[in-house]
file coords_37.tsv (TSV, C-alpha atoms and all ligand atoms)
chain	number	residue	atom	x	y	z
A	1	MET	CA	-32.01	-12.02	8.82
A	2	THR	CA	-28.63	-12.90	10.25
A	3	THR	CA	-26.50	-15.10	8.09
A	4	ALA	CA	-22.87	-16.00	8.67
A	5	ALA	CA	-21.85	-13.55	5.98
A	6	THR	CA	-23.48	-10.59	7.69
A	7	LYS	CA	-21.85	-11.03	11.10
A	8	PRO	CA	-19.25	-8.37	11.80
A	9	ASN	CA	-15.75	-9.48	10.83
A	10	LEU	CA	-13.12	-9.36	13.59
A	11	PHE	CA	-10.50	-8.60	10.95
A	12	ASP	CA	-12.23	-5.28	10.23
A	13	MET	CA	-11.60	-4.21	13.84
A	14	ASN	CA	-8.69	-2.39	15.41
A	15	ARG	CA	-7.74	-2.69	19.07
A	16	ALA	CA	-10.32	-0.13	20.23
A	17	ASP	CA	-13.08	-1.88	18.26
A	18	CYS	CA	-12.20	-5.22	19.87
A	19	GLU	CA	-12.35	-3.61	23.30
A	20	ALA	CA	-15.72	-2.05	22.51
A	21	LEU	CA	-16.98	-5.38	21.19
A	22	VAL	CA	-16.23	-7.36	24.33
A	23	MET	CA	-17.54	-4.58	26.56
A	24	SER	CA	-20.82	-4.70	24.64
A	25	LEU	CA	-20.85	-8.42	25.49
A	26	GLY	CA	-20.51	-7.58	29.17
A	27	VAL	CA	-16.83	-8.27	29.91
A	28	LYS	CA	-13.80	-6.07	30.59
A	29	ALA	CA	-11.87	-4.30	27.82
A	30	PHE	CA	-8.64	-6.26	28.33
A	31	HIS	CA	-10.34	-9.39	26.97
A	32	GLY	CA	-10.74	-7.44	23.75
A	33	ARG	CA	-7.01	-6.73	23.71
A	34	ASN	CA	-6.33	-10.44	24.20
A	35	LEU	CA	-8.67	-11.28	21.36
A	36	PHE	CA	-6.92	-8.75	19.08
A	37	LYS	CA	-3.54	-10.19	20.03
A	38	TRP	CA	-4.63	-13.77	19.38
A	39	ILE	CA	-5.70	-13.07	15.82
A	40	HIS	CA	-2.90	-10.74	14.76
A	41	LYS	CA	0.14	-11.54	16.87
A	42	HIS	CA	-0.43	-15.29	17.17
A	43	GLY	CA	-2.36	-15.76	13.94
A	44	VAL	CA	-5.02	-17.84	15.71
A	45	ILE	CA	-8.40	-17.97	14.00
A	46	ASP	CA	-10.00	-20.68	16.11
A	47	PHE	CA	-11.89	-19.36	19.14
A	48	ASP	CA	-11.28	-22.62	21.02
A	49	ALA	CA	-7.54	-22.07	20.91
A	50	MET	CA	-7.87	-18.66	22.67
A	51	THR	CA	-7.27	-20.24	26.03
A	52	ASP	CA	-7.21	-17.08	28.15
A	53	LEU	CA	-10.75	-16.16	27.15
A	54	SER	CA	-13.49	-17.79	29.19
A	55	ARG	CA	-15.49	-20.56	27.63
A	56	SER	CA	-18.67	-18.49	27.75
A	57	LEU	CA	-17.01	-15.48	26.10
A	58	ARG	CA	-15.67	-17.73	23.34
A	59	GLU	CA	-19.17	-19.14	22.85
A	60	THR	CA	-20.72	-15.67	22.63
A	61	LEU	CA	-18.02	-14.47	20.24
A	62	ARG	CA	-18.65	-17.43	17.97
A	63	GLU	CA	-22.33	-16.47	17.79
A	64	THR	CA	-21.69	-12.76	17.34
A	65	VAL	CA	-18.69	-12.33	15.04
A	66	ASP	CA	-16.79	-14.01	12.26
A	67	MET	CA	-13.16	-14.15	11.20
A	68	ARG	CA	-13.03	-13.76	7.44
A	69	LEU	CA	-9.81	-13.35	5.46
A	70	PRO	CA	-8.82	-13.37	1.81
A	71	ARG	CA	-7.61	-16.80	0.62
A	72	ILE	CA	-4.22	-17.35	-0.98
A	73	ILE	CA	-5.00	-19.20	-4.19
A	74	GLU	CA	-1.68	-18.91	-6.00
A	75	SER	CA	1.89	-18.47	-4.89
A	76	HIS	CA	4.52	-17.49	-7.47
A	77	PRO	CA	8.10	-17.60	-6.23
A	78	SER	CA	10.73	-15.78	-8.29
A	79	ALA	CA	14.43	-16.62	-8.62
A	80	ASP	CA	15.41	-13.46	-6.68
A	81	GLY	CA	13.37	-14.54	-3.64
A	82	THR	CA	10.37	-12.34	-4.40
A	83	ILE	CA	7.03	-14.11	-4.02
A	84	LYS	CA	3.74	-12.98	-5.48
A	85	TRP	CA	0.55	-14.20	-3.82
A	86	VAL	CA	-2.76	-14.07	-5.62
A	87	MET	CA	-5.59	-13.80	-3.12
A	88	ALA	CA	-9.29	-14.43	-3.69
A	89	LEU	CA	-11.85	-12.27	-1.91
A	90	HIS	CA	-15.31	-13.40	-0.75
A	91	ASP	CA	-16.98	-12.04	-3.90
A	92	GLY	CA	-14.61	-13.74	-6.32
A	93	GLN	CA	-12.43	-10.68	-6.94
A	94	ARG	CA	-8.68	-11.18	-6.92
A	95	ILE	CA	-5.84	-9.08	-5.65
A	96	GLU	CA	-2.08	-9.48	-5.57
A	97	THR	CA	0.40	-9.07	-2.72
A	98	VAL	CA	4.18	-9.20	-3.13
A	99	PHE	CA	6.86	-10.28	-0.65
A	100	ILE	CA	10.29	-8.76	-1.30
A	101	PRO	CA	13.18	-10.06	0.84
A	102	GLU	CA	16.37	-8.01	0.99
A	103	GLY	CA	18.97	-9.12	3.50
A	104	LYS	CA	17.44	-8.74	6.93
A	105	ARG	CA	14.55	-6.72	5.55
A	106	SER	CA	11.31	-8.29	4.47
A	107	THR	CA	8.94	-5.96	2.71
A	108	ILE	CA	5.33	-6.68	1.86
A	109	CYS	CA	3.75	-4.71	-0.95
A	110	VAL	CA	0.06	-4.45	-0.11
A	111	SER	CA	-2.94	-3.68	-2.36
A	112	SER	CA	-5.65	-1.22	-1.32
A	113	GLN	CA	-8.27	-1.58	-4.07
A	114	VAL	CA	-9.48	-4.12	-6.63
A	115	GLY	CA	-8.09	-2.48	-9.75
A	116	CYS	CA	-7.59	1.27	-9.85
A	117	ALA	CA	-9.69	4.19	-11.07
A	118	LEU	CA	-6.74	6.42	-11.93
A	119	GLU	CA	-5.44	6.06	-15.42
A	120	CYS	CA	-1.68	6.37	-15.21
A	121	ALA	CA	-0.46	5.79	-18.74
A	122	PHE	CA	2.32	3.33	-17.88
A	123	CYS	CA	0.62	1.12	-15.26
A	124	ALA	CA	-0.89	-2.33	-15.85
A	125	THR	CA	-3.31	-2.03	-12.91
A	126	ALA	CA	-4.92	0.98	-14.63
A	127	ARG	CA	-5.73	-1.21	-17.64
A	128	GLN	CA	-7.84	-3.45	-15.44
A	129	GLY	CA	-10.28	-0.73	-14.54
A	130	PHE	CA	-11.67	-0.28	-11.06
A	131	ASN	CA	-14.04	-2.49	-9.16
A	132	ARG	CA	-14.10	-1.59	-5.48
A	133	ASN	CA	-12.25	-0.55	-2.37
A	134	LEU	CA	-10.80	-3.22	-0.12
A	135	ALA	CA	-12.19	-3.60	3.40
A	136	VAL	CA	-9.85	-3.28	6.41
A	137	SER	CA	-9.93	-7.09	6.72
A	138	GLU	CA	-8.80	-7.49	3.11
A	139	ILE	CA	-5.90	-5.07	3.58
A	140	ILE	CA	-4.69	-6.33	6.96
A	141	GLY	CA	-5.47	-9.87	5.77
A	142	GLN	CA	-2.61	-9.56	3.28
A	143	VAL	CA	-0.22	-8.76	6.13
A	144	TRP	CA	-1.74	-11.54	8.28
A	145	HIS	CA	-1.07	-14.08	5.51
A	146	ALA	CA	2.45	-12.78	4.94
A	147	ALA	CA	3.25	-13.10	8.65
A	148	ARG	CA	1.96	-16.69	8.66
A	149	GLN	CA	3.87	-17.59	5.51
A	150	LEU	CA	7.12	-16.06	6.80
A	151	GLY	CA	6.71	-17.23	10.38
A	152	ARG	CA	7.12	-13.63	11.63
A	153	PRO	CA	5.75	-10.21	10.77
A	154	PRO	CA	7.39	-8.42	7.85
A	155	THR	CA	9.87	-5.67	8.80
A	156	ASN	CA	8.34	-3.19	6.33
A	157	VAL	CA	5.03	-2.62	4.60
A	158	VAL	CA	4.59	-0.50	1.51
A	159	MET	CA	1.11	0.47	0.37
A	160	MET	CA	2.28	0.19	-3.22
A	161	GLY	CA	0.26	-2.67	-4.62
A	162	MET	CA	-2.89	-2.39	-6.68
A	163	GLY	CA	-5.02	0.70	-6.19
A	164	GLU	CA	-4.71	4.24	-4.89
A	165	PRO	CA	-4.52	4.04	-1.08
A	166	LEU	CA	-5.65	7.63	-0.51
A	167	ALA	CA	-8.82	6.90	-2.50
A	168	ASN	CA	-9.70	4.29	0.15
A	169	PHE	CA	-8.76	6.53	3.04
A	170	GLU	CA	-10.57	5.20	6.13
A	171	ALA	CA	-9.88	1.52	5.53
A	172	VAL	CA	-6.23	2.12	4.67
A	173	VAL	CA	-5.63	4.31	7.71
A	174	LYS	CA	-7.25	1.77	10.01
A	175	ALA	CA	-5.30	-1.13	8.52
A	176	MET	CA	-2.04	0.85	8.90
A	177	GLU	CA	-2.94	1.44	12.55
A	178	ILE	CA	-3.22	-2.31	13.08
A	179	MET	CA	0.15	-2.82	11.33
A	180	GLN	CA	1.73	-0.48	13.88
A	181	ASP	CA	-0.03	-1.83	16.97
A	182	ASP	CA	2.26	-3.50	19.53
A	183	LEU	CA	-0.29	-6.24	20.03
A	184	ALA	CA	-0.34	-6.95	16.31
A	185	TYR	CA	2.51	-6.44	13.80
A	186	MET	CA	4.57	-3.88	15.75
A	187	LEU	CA	5.80	-1.89	12.76
A	188	ALA	CA	7.38	1.46	13.59
A	189	ARG	CA	5.74	4.35	11.74
A	190	GLN	CA	8.66	4.90	9.39
A	191	ARG	CA	8.49	1.24	8.37
A	192	VAL	CA	5.06	1.69	6.85
A	193	THR	CA	5.06	3.67	3.60
A	194	LEU	CA	2.00	4.92	1.78
A	195	SER	CA	2.45	5.69	-1.89
A	196	THR	CA	0.04	8.04	-3.62
A	197	SER	CA	-0.38	9.43	-7.10
A	198	GLY	CA	-1.19	12.74	-5.40
A	199	ILE	CA	-4.73	13.08	-4.01
A	200	VAL	CA	-3.87	16.42	-2.39
A	201	PRO	CA	-6.74	16.89	0.12
A	202	ASN	CA	-6.13	13.42	1.49
A	203	ILE	CA	-2.41	14.09	1.97
A	204	TYR	CA	-3.48	16.86	4.38
A	205	ARG	CA	-6.00	14.53	6.02
A	206	LEU	CA	-3.37	11.83	6.41
A	207	ARG	CA	-1.10	14.27	8.19
A	208	GLU	CA	-3.79	14.72	10.85
A	209	VAL	CA	-4.16	11.03	11.66
A	210	SER	CA	-0.93	9.24	10.78
A	211	GLU	CA	2.84	9.53	10.72
A	212	VAL	CA	3.66	6.87	8.19
A	213	ALA	CA	6.28	7.57	5.53
A	214	LEU	CA	4.97	9.25	2.40
A	215	ALA	CA	5.94	8.28	-1.15
A	216	VAL	CA	4.58	10.20	-4.11
A	217	SER	CA	4.41	9.07	-7.72
A	218	LEU	CA	5.88	12.13	-9.40
A	219	HIS	CA	7.11	10.77	-12.76
A	220	ALA	CA	7.36	14.20	-14.43
A	221	PRO	CA	8.95	17.56	-13.54
A	222	ASN	CA	6.28	19.77	-15.11
A	223	ASN	CA	2.48	19.91	-15.37
A	224	ALA	CA	2.27	19.45	-19.14
A	225	LEU	CA	4.03	16.08	-18.99
A	226	ARG	CA	2.54	14.97	-15.68
A	227	ASP	CA	-0.97	15.70	-17.02
A	228	GLN	CA	-0.27	13.04	-19.65
A	229	LEU	CA	1.43	10.43	-17.47
A	230	VAL	CA	-0.49	10.78	-14.19
A	231	PRO	CA	-3.86	12.30	-15.21
A	232	ILE	CA	-4.89	13.08	-11.60
A	233	ASN	CA	-2.41	15.95	-12.05
A	234	ARG	CA	-5.09	17.80	-14.05
A	235	LYS	CA	-7.12	17.95	-10.85
A	236	TYR	CA	-4.25	18.42	-8.39
A	237	PRO	CA	-1.35	20.08	-10.26
A	238	LEU	CA	2.22	20.33	-9.00
A	239	GLU	CA	1.73	23.75	-7.42
A	240	GLU	CA	-0.81	22.13	-5.07
A	241	LEU	CA	0.88	18.76	-4.69
A	242	LEU	CA	4.31	20.02	-3.64
A	243	PRO	CA	3.17	22.23	-0.73
A	244	ALA	CA	0.98	19.36	0.54
A	245	CYS	CA	3.98	17.02	0.59
A	246	LYS	CA	6.17	19.64	2.20
A	247	ALA	CA	3.55	20.16	4.89
A	248	TYR	CA	3.33	16.40	5.42
A	249	VAL	CA	6.97	16.02	6.43
A	250	GLY	CA	6.81	19.29	8.34
A	251	ARG	CA	9.84	20.63	10.14
A	252	ASP	CA	11.11	17.27	11.32
A	253	LYS	CA	14.61	17.10	9.80
A	254	ARG	CA	14.61	13.32	9.78
A	255	ARG	CA	11.59	13.04	7.53
A	256	LYS	CA	11.72	13.17	3.77
A	257	VAL	CA	9.28	12.72	0.93
A	258	THR	CA	10.15	9.78	-1.28
A	259	TRP	CA	9.47	10.67	-4.91
A	260	GLU	CA	8.94	7.82	-7.32
A	261	TYR	CA	10.02	8.53	-10.87
A	262	VAL	CA	9.54	5.87	-13.53
A	263	MET	CA	12.16	6.21	-16.27
A	264	LEU	CA	10.43	6.15	-19.66
A	265	ASP	CA	12.65	6.12	-22.72
A	266	GLY	CA	12.61	9.50	-24.47
A	267	ILE	CA	9.66	10.75	-22.43
A	268	ASN	CA	10.88	12.02	-19.05
A	269	ASP	CA	14.50	10.88	-18.83
A	270	SER	CA	16.60	13.69	-20.37
A	271	LEU	CA	19.07	15.91	-18.52
A	272	ALA	CA	16.72	18.84	-19.14
A	273	HIS	CA	14.09	16.92	-17.17
A	274	ALA	CA	16.63	16.29	-14.41
A	275	LYS	CA	17.36	20.02	-14.23
A	276	GLN	CA	13.64	20.87	-13.99
A	277	LEU	CA	13.27	18.29	-11.28
A	278	ILE	CA	16.08	19.82	-9.24
A	279	ARG	CA	14.42	23.23	-9.42
A	280	LEU	CA	11.03	21.75	-8.57
A	281	LEU	CA	12.19	19.97	-5.43
A	282	GLU	CA	14.20	22.86	-4.05
A	283	GLY	CA	13.41	23.36	-0.38
A	284	ILE	CA	11.60	20.05	0.06
A	285	PRO	CA	13.41	17.34	2.05
A	286	SER	CA	13.50	14.69	-0.65
A	287	LYS	CA	14.63	11.24	-1.61
A	288	LEU	CA	14.23	10.17	-5.21
A	289	ASN	CA	13.61	6.61	-6.37
A	290	LEU	CA	14.24	6.13	-10.05
A	291	ILE	CA	12.25	3.13	-11.21
A	292	PRO	CA	13.25	1.50	-14.49
A	293	PHE	CA	10.01	1.07	-16.44
A	294	ASN	CA	8.55	-2.44	-16.17
A	295	PRO	CA	6.92	-3.32	-19.46
A	296	PHE	CA	3.73	-5.38	-19.65
A	297	ASP	CA	1.57	-6.78	-22.46
A	298	GLY	CA	0.38	-3.92	-24.62
A	299	SER	CA	2.42	-1.18	-22.93
A	300	HIS	CA	3.81	1.19	-25.51
A	301	PHE	CA	6.58	2.84	-23.47
A	302	GLY	CA	10.22	1.90	-23.76
A	303	VAL	CA	12.77	1.22	-21.02
A	304	SER	CA	15.39	3.97	-20.58
A	305	PRO	CA	18.90	2.67	-21.22
A	306	PRO	CA	20.87	2.10	-17.97
A	307	GLU	CA	23.48	4.74	-18.92
A	308	ARG	CA	20.78	7.38	-19.27
A	309	ILE	CA	19.26	6.45	-15.92
A	310	ASP	CA	22.72	6.71	-14.44
A	311	SER	CA	23.51	10.16	-15.80
A	312	PHE	CA	20.05	11.34	-14.72
A	313	ARG	CA	20.77	10.05	-11.22
A	314	GLN	CA	24.20	11.63	-11.12
A	315	ARG	CA	22.80	14.99	-12.14
A	316	LEU	CA	20.39	14.85	-9.18
A	317	THR	CA	23.00	13.61	-6.74
A	318	GLY	CA	25.29	16.40	-7.93
A	319	ALA	CA	22.62	18.90	-6.93
A	320	GLY	CA	22.44	17.41	-3.45
A	321	ILE	CA	19.30	15.30	-3.95
A	322	PHE	CA	19.52	11.79	-2.60
A	323	ALA	CA	18.64	9.60	-5.60
A	324	MET	CA	18.68	5.85	-6.04
A	325	THR	CA	17.88	3.58	-8.92
A	326	ARG	CA	15.47	0.97	-7.73
A	327	LYS	CA	16.38	-2.61	-8.49
A	328	THR	CA	13.67	-4.37	-10.42
A	329	ARG	CA	12.41	-7.30	-8.39
A	330	GLY	CA	10.15	-10.16	-9.34
A	331	ASP	CA	9.67	-9.08	-12.95
A	332	GLU	CA	9.62	-12.62	-14.35
A	333	ILE	CA	6.55	-13.38	-12.20
A	334	ALA	CA	4.94	-10.03	-13.15
A	335	ALA	CA	5.32	-8.79	-9.57
A	336	ALA	CA	7.30	-5.63	-10.31
A	337	CYS	CA	5.97	-2.06	-9.93
A	338	GLY	CA	3.02	-1.49	-12.19
A	339	GLN	CA	2.65	-5.12	-13.22
A	340	LEU	CA	0.02	-6.20	-10.68
A	341	VAL	CA	-3.26	-6.94	-12.31
A	342	GLY	CA	-5.43	-9.26	-10.25
A	343	ARG	CA	-8.76	-9.72	-11.93
A	344	VAL	CA	-11.56	-7.23	-12.20
A	345	ASP	CA	-14.73	-9.11	-13.03
A	346	ASP	CA	-17.13	-6.25	-13.06
A	347	ARG	CA	-16.06	-3.02	-14.65
A	348	THR	CA	-19.52	-1.52	-14.77
A	349	ARG	CA	-18.76	0.92	-11.98
A	350	ARG	CA	-16.05	2.52	-13.94
A	351	THR	CA	-18.14	2.89	-17.06
A	352	THR	CA	-21.20	4.15	-15.19
A	353	VAL	CA	-19.20	6.59	-13.11
A	354	ALA	CA	-17.33	7.97	-16.11
B	401	LIG	N1	-1.50	4.27	-6.68
B	401	LIG	C1	-0.35	4.48	-5.84
B	401	LIG	C2	0.26	3.16	-5.41
B	401	LIG	C3	0.96	2.39	-6.52
B	401	LIG	S1	2.65	2.28	-6.08
B	401	LIG	C4	0.62	5.40	-6.53
B	401	LIG	O1	0.36	5.74	-7.67
B	401	LIG	O2	1.61	5.83	-5.91
B	401	LIG	C5	3.37	1.64	-7.48
B	401	LIG	C6	4.44	2.53	-8.07
B	401	LIG	O3	4.88	1.94	-9.28
B	401	LIG	C7	3.91	3.91	-8.43
B	401	LIG	O4	4.90	4.89	-8.27
B	401	LIG	C8	3.60	3.73	-9.89
B	401	LIG	O5	3.50	4.95	-10.56
B	401	LIG	C9	4.76	2.89	-10.33
B	401	LIG	N2	4.51	2.18	-11.59
B	401	LIG	C10	3.32	1.93	-12.17
B	401	LIG	N3	3.50	1.25	-13.32
B	401	LIG	C11	4.82	1.08	-13.47
B	401	LIG	C12	5.61	0.40	-14.45
B	401	LIG	N4	5.05	-0.22	-15.49
B	401	LIG	N5	6.94	0.40	-14.26
B	401	LIG	C13	7.50	0.97	-13.19
B	401	LIG	N6	6.81	1.59	-12.22
B	401	LIG	C14	5.48	1.65	-12.36

call {"tool": "encode", "arguments": {"input": "coords_37.tsv", "output": "structure tokens"}}
result
Amino acid sequence: MTTAATKPNLFDMNRADCEALVMSLGVKAFHGRNLFKWIHKHGVIDFDAMTDLSRSLRETLRETVDMRLPRIIESHPSADGTIKWVMALHDGQRIETVFIPEGKRSTICVSSQVGCALECAFCATARQGFNRNLAVSEIIGQVWHAARQLGRPPTNVVMMGMGEPLANFEAVVKAMEIMQDDLAYMLARQRVTLSTSGIVPNIYRLREVSEVALAVSLHAPNNALRDQLVPINRKYPLEELLPACKAYVGRDKRRKVTWEYVMLDGINDSLAHAKQLIRLLEGIPSKLNLIPFNPFDGSHFGVSPPERIDSFRQRLTGAGIFAMTRKTRGDEIAAACGQLVGRVDDRTRRTTVA
């Protein structure tokens, strides 16, 4: 039985897939490139408006494929210009996407899963549990919507929304390919950043297929503490994580690993921690982002005082590590790091898997 919902979705396809699709329909590959360009570069989702495709090809496409995207159902603008979009997926799940303007830069923070299966102690998404991976169309759909809303593609994409991108490897890699395609969103590789909690084997896999920038949620300078804060560390401890990250940036002097370090009052923010961190990162080309903790309902961590964050940062800078304190953006609309929640309707997978 073929119903509309079971037709292949054009938004799940990269350039090569679109070429293969039209060739299977009996026409030349370049029509597939045109099709790909219409939907991503021009944002056109009406076959009739694709004027350089023949009428018969348009007709066949209409019968063969669909164009299905998430729907923006809420838009929350914040006083600092940040906007959070809540998007509904075909099965009623919800995800969140955040737009962060900064001067000439426009960054979109994209989600990769509905909820998250990792249980980082300080993250609101973790509280939601995990429902499922996003499809390519649901990942690139967030960028498609952002480009339509802004009237142009974003200048940067960070895979830092809900979910662990390296736990949804194939779909994330394919969506990042579309972000970088000249016929689509034209983002240079260093303008796409993937953030991971540290799924080590997939950092090596990523290195084989992609050159996007790598950010890693470090949050602690030793295994004992990281085991508590980022439990995936029990599976992939620092002595495995650090070589993987070092290998990822390779010998290219221009590339660095961005380490994310959430500052939790009295937990990981002392000068002794800073010293351990300096020793840990020795020999790895690094950039450190200190993130002031963003509290959420029911979170039991405290925010490090600004002076402590500053002396921590200065200690690192003094040792030659490039460290910045990240400005908190969009916190009054719950759009800041670790505050994205969406809605996970069905948590059964998590409980049955566990
Ligand atoms: N799962 C991926 C992508 C999430 S990126 C990862 O772990 O890297 C979001 C970043 O915000 C991560 O570094 C995450 O650890 C951090 N974060 C999570 N909760 C936070 C909170 N409440 N305050 C500040 N940062 C937080």

call {"tool": "residues_near_ligand", "arguments": {"input": "coords_37.tsv", "ligand": "ligand LIG 401 (chain B)", "cutoff": "8 Å", "atoms": "all atoms listed in the file", "output": "PyMOL selection string"}}
result
chain A and resi 116+118+120+122-125+159-165+194-198+215-219+230+260-263+291-296+299+336-339

call {"tool": "atom_distance", "arguments": {"input": "coords_37.tsv", "atom1": "CA of Tyr204 (chain A)", "atom2": "CA of Asp227 (chain A)"}}
result
21.6 Å

call {"tool": "closest_atom_pairs", "arguments": {"input": "coords_37.tsv", "of": "region 268-347 of chain A", "to": "region 248-255 of chain A", "cutoff": "10 Å", "atoms": "all atoms listed in the file", "output": "Markdown table"}}
result
| residue | atom | partner | partner_atom | distance |
| --- | --- | --- | --- | --- |
| A:Ile284 | CA | A:Val249 | CA | 8.8 |
| A:Pro285 | CA | A:Arg255 | CA | 7.2 |
| A:Ser286 | CA | A:Arg255 | CA | 8.6 |
| A:Lys287 | CA | A:Arg255 | CA | 9.8 |

call {"tool": "atom_distance", "arguments": {"input": "coords_37.tsv", "atom1": "CA of Gln113 (chain A)", "atom2": "CA of Leu134 (chain A)"}}
result
5.0 Å

call {"tool": "closest_residue", "arguments": {"input": "coords_37.tsv", "among": "A:Cys109, A:Ile72, A:Asp181, A:Gly43", "to": "Arg152 (chain A)", "atoms": "only C-alpha atoms"}}
result
A:Gly43

call {"tool": "residues_around", "arguments": {"input": "coords_37.tsv", "residues": "region 304-321 of chain A", "least_positions_apart": "3", "cutoff": "8 Å", "atoms": "all atoms listed in the file", "output": "list in words"}}
result
Met263, Leu264, Asp265, Gly266, Asp269, Ser270, Leu271, Ala274, Lys275, Ile278, Ser286, Lys287, Leu288, Leu290, Pro292, Phe293, Met324 and Thr325 of chain A

call {"tool": "residues_around", "arguments": {"input": "coords_37.tsv", "residues": "Leu57 (chain A)", "least_positions_apart": "2", "cutoff": "10 Å", "atoms": "only C-alpha atoms", "output": "PyMOL selection string"}}
result
chain A and resi 22+25-27+31+47+53-55+59-63

call {"tool": "closest_residue", "arguments": {"input": "coords_37.tsv", "among": "A:Val200, A:Leu10, A:Leu225, A:Ala79", "to": "Gly141 (chain A)", "atoms": "only C-alpha atoms"}}
result
A:Leu10

call {"tool": "residues_near_point", "arguments": {"input": "coords_37.tsv", "point": "(4.0, -16.4, 10.4)", "cutoff": "10 Å", "atoms": "only C-alpha atoms", "output": "ChimeraX atom specification"}}
result
/A:40-43,143-154

call {"tool": "closest_residue", "arguments": {"input": "coords_37.tsv", "among": "A:Leu183, A:Ile140, A:Met23, A:Met176", "to": "Trp38 (chain A)", "atoms": "all atoms listed in the file"}}
result
A:Leu183

call {"tool": "residues_near_point", "arguments": {"input": "coords_37.tsv", "point": "(1.0, -15.2, -6.6)", "cutoff": "8 Å", "atoms": "all atoms listed in the file", "output": "ChimeraX atom specification"}}
result
/A:72-77,83-87,96-98

call {"tool": "closest_residue", "arguments": {"input": "coords_37.tsv", "among": "A:Asn131, A:Thr64, A:Asn268, A:Ser111", "to": "Gln228 (chain A)", "atoms": "only C-alpha atoms"}}
result
A:Asn268

call {"tool": "atom_distance", "arguments": {"input": "coords_37.tsv", "atom1": "CA of Leu238 (chain A)", "atom2": "CA of Ala213 (chain A)"}}
result
19.8 Å

call {"tool": "residues_around", "arguments": {"input": "coords_37.tsv", "residues": "Phe30 (chain A)", "least_positions_apart": "2", "cutoff": "12 Å", "atoms": "all atoms listed in the file", "output": "MDAnalysis selection string"}}
result
chainID A and resid 15:23 26:28 32:37 52:53 183

call {"tool": "closest_residue", "arguments": {"input": "coords_37.tsv", "among": "A:Val110, A:Ala247, A:Leu340, A:Ile267", "to": "Pro201 (chain A)", "atoms": "all atoms listed in the file"}}
result
A:Ala247
